[in-house]
Amino acid sequence: MDNIKLDLKNTKITEKMIEEYSSRVEEIHKQLHDLDSKDPIGWLELPTKYDKKEFERIKECAKKIKADSEVFVVVGIGGSYLGARAVIEALTSTFEGYLTKKERKHPQILFVGNNLSGTYISDVIDYLQDKDFSVNVISKSGTTTEPAIAFRFMRELLEAKYGYKEAKKRIYVTTDKKNGALRELAKKEKYESFVIPSNIGGRYSVLTPVGLLPIAVAGINIDELMKGAKAAQDKYNDSDVKYNESYRYAVVRNILYNNDKNIELLVAYDPKLFYMIEWWKQLFGESEGKDKKGIFPEGAKFTTDLHSMGQYIQDGRRNLFETVISIEQTGNDLKINADEDNLDGLNYLVGKKVDYVNKQAMLGTIDAHVAGGVANILIKIDKLNPTNLGHLIYFFELACAMSGKLLGVNPFNQPGVEMYKKNMFRLLGKPGYVEEEKVTEEKEIKKKRTTKTKKETKETKTKTSKTKKGETEKETKKTTRRKKKEE
Ligand code: PA5
């Protein structure tokens, strides 16, 4: 299957430069494939090694939810919602959310638990008042504050609306197989539940039940999605950087990074891909931004942002490069009609389609930015469908793992995100955190005291030895003078 192509001609990076990475790429490829099933690499073979029974159960549940719910509320943050949202927005109508119950073929998908705004949750609650809805709470750890708070409200609302017993039938839990508060709750309340494999981290989990249930409820064919990912798994199982486009993308990023290009803009010309950019930002940002290294992943929505960020990209500091996702065959398109008065001067476009204009904008922008010193990587997708998105997701996940390893960081952990949580918990007075803070403070004071005492002892020693030295010098001088006198 060749419906995704990588075009590197506007990067100024030669084949020779890419091939210099051959042995490192081969080594990392081997490393990734040799990792144990306990290592966080479960996504690598997921398109062939997923739980088929659970997959069928997801489809069954999606059917039930479609039958009894107007709205499906997805509670999750980071890797526990971005992938689902990216696929759903790419493959459903832009104004799906505005359709009436009658017009709608599938439940509307609402996302909560991805912020801590009381206003947002309160708006969701108001919106749900007169609607039938179900809830999918997704959290691998089962302890993340944002989704935990939102879920508490959603559960209360469900129980108030349907009663305790009926509410249970409308709650779907996606979490770790054994651990965490959410697994405990699912067991206790006997909620329908799905498993996030322990060897797949949040940002690599869109093709697990994390993404699959919401995507299926939105009416998207998840068999096709997995088929695309499987095609990618086969295609990119090649350790040779000459032929593996996913690895070529990783290598080119690394070469650019080593040439002081430390910002990458993922660009899309269709609003349908805007959440794909958000998903990609998390994937690369959390995987690579560590040990004071990493390309800063940013997104740009063109042509919209050409009217806000265009100036900087064209002419600002030259530390960025662009990766453009181009959709070759667009969906519904419109022809521009003639206008007798032609006051807007657009008659030169009569008979042309809007997407044709968009494509020329893309080609013109790439040329301009390349001329302005912005290297351009082009990823061409022949059209937006579940198969190609499954393929693209796998392409990026694999490239991200390779890229992180080339950079010399661990692309599967995220120690840096704990810092804000600790501070927030301390400020909120979460049990365990105030005490922890006291212990840390006491340790710091002790450490400071010990350092001070050590410093003081050292200073006293130096003083004593100086005094002694001074006294000895004085005495020597005295003796010399006395001897001279005697002579
Ligand atoms: O990629 C990650 O691991 C994170 O972004 C998580 O997905 C995010 O923090 C949510 O975590 P959890 O699913 O445990 O609630």
# chains A, B, ... in the order shown; residues from 1 in each chain; ligands from 1
$ residues_near_ligand --ligand "ligand 1" --cutoff "10 Å" --atoms "only C-alpha atoms and all ligand atoms" --output "MDAnalysis selection string"
chainID A and resid 75:83 113:114 137:148 174:176 180 182 196 200:206 210 279 282:283 285:287 412:415 417:418
$ write_last_selection --atoms "N, CA and C atoms" --output "compact mmCIF listing (two decimals), in the first residue's frame"
# COMPACT_ATOMS: atom_id res chain seq x y z
N VAL A 75 -14.16 11.12 28.74
CA VAL A 75 -13.44 11.78 29.82
C VAL A 75 -11.99 11.31 29.80
N GLY A 76 -11.07 12.22 29.50
CA GLY A 76 -9.65 11.82 29.47
C GLY A 76 -8.79 13.02 29.10
N ILE A 77 -7.50 12.89 29.33
CA ILE A 77 -6.57 13.98 29.02
C ILE A 77 -5.31 13.42 28.36
N GLY A 78 -4.60 14.25 27.59
CA GLY A 78 -3.34 13.83 26.95
C GLY A 78 -3.59 12.65 26.02
N GLY A 79 -2.75 11.64 26.20
CA GLY A 79 -2.87 10.45 25.36
C GLY A 79 -4.19 9.73 25.52
N SER A 80 -4.94 10.06 26.56
CA SER A 80 -6.21 9.39 26.79
C SER A 80 -7.39 10.09 26.08
N TYR A 81 -7.10 11.09 25.22
CA TYR A 81 -8.19 11.64 24.41
C TYR A 81 -7.75 12.20 23.06
N LEU A 82 -6.49 12.65 22.97
CA LEU A 82 -6.08 13.37 21.75
C LEU A 82 -6.17 12.53 20.48
N GLY A 83 -5.79 11.26 20.57
CA GLY A 83 -5.81 10.40 19.39
C GLY A 83 -7.23 10.18 18.89
N GLY A 113 -12.73 16.58 30.89
CA GLY A 113 -11.64 16.02 31.70
C GLY A 113 -10.28 16.34 31.11
N ASN A 114 -10.25 17.24 30.09
CA ASN A 114 -8.95 17.61 29.53
C ASN A 114 -8.57 19.04 29.95
N VAL A 137 -14.89 6.85 30.64
CA VAL A 137 -13.78 7.47 31.37
C VAL A 137 -12.52 6.69 31.05
N ILE A 138 -11.50 7.45 30.61
CA ILE A 138 -10.26 6.82 30.13
C ILE A 138 -9.07 7.36 30.92
N SER A 139 -8.38 6.48 31.61
CA SER A 139 -7.15 6.92 32.31
C SER A 139 -6.32 5.68 32.61
N LYS A 140 -5.10 5.69 32.11
CA LYS A 140 -4.25 4.52 32.32
C LYS A 140 -3.88 4.39 33.79
N SER A 141 -3.47 5.51 34.37
CA SER A 141 -3.08 5.47 35.78
C SER A 141 -4.31 5.37 36.67
N GLY A 142 -5.39 5.93 36.20
CA GLY A 142 -6.62 5.92 36.98
C GLY A 142 -6.62 6.97 38.08
N THR A 143 -5.60 7.81 38.10
CA THR A 143 -5.50 8.78 39.19
C THR A 143 -5.35 10.21 38.70
N THR A 144 -5.41 10.44 37.39
CA THR A 144 -5.17 11.79 36.88
C THR A 144 -6.29 12.74 37.34
N THR A 145 -5.89 13.88 37.87
CA THR A 145 -6.85 14.78 38.52
C THR A 145 -7.94 15.29 37.57
N GLU A 146 -7.54 15.78 36.39
CA GLU A 146 -8.52 16.40 35.48
C GLU A 146 -9.67 15.44 35.14
N PRO A 147 -9.38 14.23 34.61
CA PRO A 147 -10.49 13.33 34.31
C PRO A 147 -11.21 12.83 35.56
N ALA A 148 -10.47 12.69 36.68
CA ALA A 148 -11.12 12.19 37.90
C ALA A 148 -12.20 13.17 38.35
N THR A 174 -12.05 2.67 30.64
CA THR A 174 -10.86 2.19 29.91
C THR A 174 -9.66 2.51 30.77
N THR A 175 -8.99 1.47 31.26
CA THR A 175 -7.87 1.70 32.19
C THR A 175 -6.94 0.49 32.21
N ASP A 176 -5.97 0.54 33.11
CA ASP A 176 -5.02 -0.56 33.24
C ASP A 176 -5.75 -1.86 33.64
N GLY A 180 -4.66 0.75 39.74
CA GLY A 180 -5.25 2.09 39.73
C GLY A 180 -6.65 2.15 40.29
N LEU A 182 -9.25 3.57 39.15
CA LEU A 182 -10.35 3.37 38.19
C LEU A 182 -10.65 1.89 37.99
N ILE A 196 -6.09 -0.99 28.85
CA ILE A 196 -4.97 -0.32 28.16
C ILE A 196 -3.76 -1.20 28.46
N ILE A 200 1.95 -0.15 26.72
CA ILE A 200 1.69 0.93 25.76
C ILE A 200 1.41 2.23 26.52
N GLY A 201 2.28 3.22 26.31
CA GLY A 201 2.12 4.50 27.02
C GLY A 201 0.98 5.31 26.41
N GLY A 202 0.49 6.28 27.20
CA GLY A 202 -0.67 7.08 26.79
C GLY A 202 -0.62 7.61 25.37
N ARG A 203 0.50 8.27 25.02
CA ARG A 203 0.54 8.93 23.71
C ARG A 203 0.70 7.95 22.54
N TYR A 204 0.95 6.68 22.84
CA TYR A 204 1.05 5.66 21.79
C TYR A 204 -0.22 4.77 21.78
N SER A 205 -1.28 5.22 22.46
CA SER A 205 -2.38 4.28 22.74
C SER A 205 -3.64 4.47 21.90
N VAL A 206 -3.58 5.30 20.85
CA VAL A 206 -4.83 5.57 20.12
C VAL A 206 -5.43 4.32 19.47
N VAL A 210 -8.51 2.82 24.12
CA VAL A 210 -8.49 4.27 24.44
C VAL A 210 -9.10 5.06 23.29
N TRP A 279 -2.45 15.89 18.46
CA TRP A 279 -2.00 14.55 18.85
C TRP A 279 -0.50 14.40 18.59
N GLN A 282 1.76 16.19 21.10
CA GLN A 282 1.96 15.46 22.35
C GLN A 282 2.93 14.30 22.15
N LEU A 283 2.72 13.57 21.04
CA LEU A 283 3.56 12.40 20.76
C LEU A 283 5.04 12.79 20.76
N GLY A 285 6.43 15.88 21.54
CA GLY A 285 6.86 16.75 22.64
C GLY A 285 7.19 15.95 23.90
N GLU A 286 6.28 15.04 24.27
CA GLU A 286 6.51 14.26 25.49
C GLU A 286 7.59 13.21 25.30
N SER A 287 7.76 12.78 24.06
CA SER A 287 8.75 11.72 23.83
C SER A 287 10.16 12.27 23.74
N PHE A 412 9.91 6.92 25.68
CA PHE A 412 8.71 6.30 26.26
C PHE A 412 8.38 6.74 27.68
N ASN A 413 9.17 7.66 28.24
CA ASN A 413 8.81 8.14 29.59
C ASN A 413 8.47 9.63 29.54
N GLN A 414 8.01 10.17 30.66
CA GLN A 414 7.68 11.61 30.71
C GLN A 414 7.85 12.11 32.13
N PRO A 415 9.09 12.00 32.68
CA PRO A 415 9.28 12.38 34.09
C PRO A 415 8.94 13.85 34.35
N VAL A 417 6.50 15.72 33.52
CA VAL A 417 5.13 16.17 33.76
C VAL A 417 4.72 16.03 35.23
N GLU A 418 5.58 15.39 36.03
CA GLU A 418 5.23 15.17 37.44
C GLU A 418 5.40 16.44 38.28
$ select_by_dssp --residues "region 274-482 of chain A" --states "strand (DSSP E or B)" --output "JSON list (two decimals) with C-alpha atoms, in the first residue's frame"
[["chain", "number", "residue", "atom", "x", "y", "z"],
["A", 296, "PHE", "CA", 9.92, 21.88, 19.96],
["A", 297, "PRO", "CA", 6.86, 20.53, 18.11],
["A", 298, "GLU", "CA", 4.43, 23.25, 17.10],
["A", 299, "GLY", "CA", 1.51, 23.29, 14.75],
["A", 300, "ALA", "CA", 0.38, 25.68, 12.06],
["A", 301, "LYS", "CA", -3.04, 25.82, 10.51],
["A", 320, "LEU", "CA", 12.50, 26.29, 12.33],
["A", 321, "PHE", "CA", 11.45, 23.83, 9.67],
["A", 322, "GLU", "CA", 8.07, 22.68, 8.39],
["A", 323, "THR", "CA", 6.42, 19.32, 7.84],
["A", 324, "VAL", "CA", 3.35, 19.69, 5.67],
["A", 325, "ILE", "CA", 0.59, 17.09, 5.47],
["A", 326, "SER", "CA", -0.98, 17.33, 2.06],
["A", 327, "ILE", "CA", -4.23, 15.54, 1.21],
["A", 335, "LYS", "CA", -16.63, 25.05, -7.99],
["A", 353, "LYS", "CA", -12.51, 24.32, -7.23],
["A", 376, "ASN", "CA", 10.22, 21.60, 4.06],
["A", 377, "ILE", "CA", 9.25, 17.98, 4.57],
["A", 378, "LEU", "CA", 6.13, 16.94, 2.67],
["A", 379, "ILE", "CA", 3.90, 14.03, 3.70],
["A", 380, "LYS", "CA", 1.35, 13.23, 1.03],
["A", 381, "ILE", "CA", -1.80, 11.27, 1.88]]
$ residues_around --residues "region 386-397 of chain A" --least-positions-apart "4" --cutoff "6 Å" --atoms "only C-alpha atoms" --output "PDB file with C-alpha atoms, in the first residue's frame"
ATOM      1  CA  GLU A 224     -10.239  -0.214   8.366  1.00  0.00           C
ATOM      2  CA  LEU A 225      -8.251   1.849  10.838  1.00  0.00           C
ATOM      3  CA  MET A 226      -6.418  -1.253  12.076  1.00  0.00           C
ATOM      4  CA  GLY A 228      -4.128   0.760   7.672  1.00  0.00           C
ATOM      5  CA  ALA A 229      -1.961   0.437  10.768  1.00  0.00           C
ATOM      6  CA  ALA A 232       2.185   0.431   7.953  1.00  0.00           C
ATOM      7  CA  SER A 246       9.195   6.522   8.688  1.00  0.00           C
TER       8      SER A 246
END
$ select_by_dssp --residues "region 193-376 of chain A" --states "alpha helix (DSSP H)" --output "PyMOL selection string"
chain A and resi 209-217+222-235+245-258+274-288+310-315+354-371
$ atom_distance --atom1 "CA of Lys272 (chain A)" --atom2 "CA of Ala218 (chain A)"
14.8 Å
$ residues_around --residues "Cys61 (chain A)" --least-positions-apart "2" --cutoff "12 Å" --atoms "only C-alpha atoms" --output "PDB file with C-alpha atoms, in the first residue's frame"
ATOM      1  CA  GLU A  54     -12.006  -7.186  23.160  1.00  0.00           C
ATOM      2  CA  PHE A  55     -12.049  -5.565  19.707  1.00  0.00           C
ATOM      3  CA  GLU A  56     -15.384  -7.280  18.941  1.00  0.00           C
ATOM      4  CA  ARG A  57     -16.727  -6.227  22.338  1.00  0.00           C
ATOM      5  CA  ILE A  58     -15.814  -2.623  21.517  1.00  0.00           C
ATOM      6  CA  LYS A  59     -17.938  -2.862  18.360  1.00  0.00           C
ATOM      7  CA  LYS A  63     -23.754  -0.420  18.774  1.00  0.00           C
ATOM      8  CA  LYS A  64     -25.472  -0.252  22.169  1.00  0.00           C
ATOM      9  CA  ILE A  65     -24.248   3.296  22.783  1.00  0.00           C
ATOM     10  CA  LYS A  66     -25.459   4.392  19.348  1.00  0.00           C
ATOM     11  CA  ALA A  67     -28.879   2.962  20.174  1.00  0.00           C
ATOM     12  CA  ASP A  68     -29.306   4.486  23.624  1.00  0.00           C
ATOM     13  CA  SER A  69     -27.270   7.716  23.562  1.00  0.00           C
ATOM     14  CA  PHE A  72     -21.118  10.101  24.173  1.00  0.00           C
ATOM     15  CA  SER A 134     -23.228   7.636  28.127  1.00  0.00           C
ATOM     16  CA  VAL A 135     -19.751   8.186  29.533  1.00  0.00           C
ATOM     17  CA  ASN A 136     -16.380   6.656  28.729  1.00  0.00           C
ATOM     18  CA  LYS A 169     -25.084   0.557  32.200  1.00  0.00           C
ATOM     19  CA  ARG A 170     -24.005   3.884  30.733  1.00  0.00           C
ATOM     20  CA  ILE A 171     -20.512   3.994  32.172  1.00  0.00           C
ATOM     21  CA  TYR A 172     -17.571   2.527  30.226  1.00  0.00           C
ATOM     22  CA  VAL A 173     -14.149   2.408  31.812  1.00  0.00           C
ATOM     23  CA  GLU A 192     -18.161  -2.465  31.403  1.00  0.00           C
ATOM     24  CA  SER A 193     -14.420  -2.056  31.084  1.00  0.00           C
ATOM     25  CA  PHE A 194     -11.555  -2.202  28.600  1.00  0.00           C
ATOM     26  CA  PRO A 209      -9.539   0.733  23.383  1.00  0.00           C
ATOM     27  CA  LEU A 212     -11.097   2.619  19.435  1.00  0.00           C
ATOM     28  CA  LEU A 213     -14.295   2.892  21.511  1.00  0.00           C
ATOM     29  CA  PRO A 214     -14.926   6.625  20.943  1.00  0.00           C
ATOM     30  CA  ILE A 215     -13.885   6.282  17.301  1.00  0.00           C
ATOM     31  CA  ALA A 216     -16.293   3.363  16.763  1.00  0.00           C
ATOM     32  CA  VAL A 217     -19.134   5.228  18.509  1.00  0.00           C
TER      33      VAL A 217
END
$ residues_around --residues "Val354 (chain A)" --least-positions-apart "3" --cutoff "9 Å" --atoms "only C-alpha atoms" --output "list of chain:residue names"
A:Asp333, A:Leu334, A:Lys335, A:Ile336, A:Val357, A:Asn358, A:Lys359
$ residues_around --residues "Ser122 (chain A)" --least-positions-apart "2" --cutoff "12 Å" --atoms "only C-alpha atoms" --output "PDB file with N, CA and C atoms, in the first residue's frame"
ATOM      1  N   VAL A 112     -14.475  15.814  27.782  1.00  0.00           N
ATOM      2  CA  VAL A 112     -14.283  16.536  29.048  1.00  0.00           C
ATOM      3  C   VAL A 112     -13.122  15.910  29.801  1.00  0.00           C
ATOM      4  N   GLY A 113     -12.726  16.579  30.886  1.00  0.00           N
ATOM      5  CA  GLY A 113     -11.639  16.016  31.696  1.00  0.00           C
ATOM      6  C   GLY A 113     -10.282  16.340  31.112  1.00  0.00           C
ATOM      7  N   LEU A 116      -9.196  22.041  33.614  1.00  0.00           N
ATOM      8  CA  LEU A 116      -9.746  22.156  34.970  1.00  0.00           C
ATOM      9  C   LEU A 116     -10.655  23.380  35.069  1.00  0.00           C
ATOM     10  N   SER A 117     -11.322  23.704  33.956  1.00  0.00           N
ATOM     11  CA  SER A 117     -12.205  24.853  33.971  1.00  0.00           C
ATOM     12  C   SER A 117     -13.597  24.452  34.480  1.00  0.00           C
ATOM     13  N   GLY A 118     -13.968  25.087  35.594  1.00  0.00           N
ATOM     14  CA  GLY A 118     -15.298  24.820  36.140  1.00  0.00           C
ATOM     15  C   GLY A 118     -16.378  25.262  35.164  1.00  0.00           C
ATOM     16  N   THR A 119     -16.117  26.347  34.441  1.00  0.00           N
ATOM     17  CA  THR A 119     -17.092  26.864  33.483  1.00  0.00           C
ATOM     18  C   THR A 119     -17.339  25.829  32.386  1.00  0.00           C
ATOM     19  N   TYR A 120     -16.256  25.219  31.926  1.00  0.00           N
ATOM     20  CA  TYR A 120     -16.382  24.230  30.846  1.00  0.00           C
ATOM     21  C   TYR A 120     -17.237  23.040  31.323  1.00  0.00           C
ATOM     22  N   VAL A 124     -20.944  21.800  30.008  1.00  0.00           N
ATOM     23  CA  VAL A 124     -21.229  20.433  29.549  1.00  0.00           C
ATOM     24  C   VAL A 124     -22.453  19.890  30.292  1.00  0.00           C
ATOM     25  N   ILE A 125     -22.472  20.118  31.595  1.00  0.00           N
ATOM     26  CA  ILE A 125     -23.603  19.635  32.404  1.00  0.00           C
ATOM     27  C   ILE A 125     -24.908  20.258  31.908  1.00  0.00           C
ATOM     28  N   ASP A 126     -24.894  21.558  31.651  1.00  0.00           N
ATOM     29  CA  ASP A 126     -26.094  22.241  31.135  1.00  0.00           C
ATOM     30  C   ASP A 126     -26.518  21.620  29.806  1.00  0.00           C
ATOM     31  N   TYR A 127     -25.538  21.397  28.951  1.00  0.00           N
ATOM     32  CA  TYR A 127     -25.827  20.866  27.613  1.00  0.00           C
ATOM     33  C   TYR A 127     -26.442  19.474  27.692  1.00  0.00           C
ATOM     34  N   LEU A 128     -25.995  18.685  28.685  1.00  0.00           N
ATOM     35  CA  LEU A 128     -26.453  17.292  28.764  1.00  0.00           C
ATOM     36  C   LEU A 128     -27.830  17.139  29.436  1.00  0.00           C
ATOM     37  N   GLN A 129     -28.305  18.202  30.089  1.00  0.00           N
ATOM     38  CA  GLN A 129     -29.530  18.107  30.885  1.00  0.00           C
ATOM     39  C   GLN A 129     -30.650  17.324  30.206  1.00  0.00           C
ATOM     40  N   ALA A 150     -13.759  15.505  36.479  1.00  0.00           N
ATOM     41  CA  ALA A 150     -14.859  15.554  35.495  1.00  0.00           C
ATOM     42  C   ALA A 150     -15.742  14.305  35.611  1.00  0.00           C
ATOM     43  N   PHE A 153     -18.356  14.417  38.337  1.00  0.00           N
ATOM     44  CA  PHE A 153     -19.547  15.194  37.942  1.00  0.00           C
ATOM     45  C   PHE A 153     -20.432  14.399  36.972  1.00  0.00           C
ATOM     46  N   MET A 154     -19.788  13.718  36.005  1.00  0.00           N
ATOM     47  CA  MET A 154     -20.566  12.972  35.006  1.00  0.00           C
ATOM     48  C   MET A 154     -21.338  11.826  35.659  1.00  0.00           C
ATOM     49  N   LEU A 157     -24.260  13.138  37.545  1.00  0.00           N
ATOM     50  CA  LEU A 157     -25.315  13.541  36.606  1.00  0.00           C
ATOM     51  C   LEU A 157     -26.070  12.321  36.080  1.00  0.00           C
TER      52      LEU A 157
END
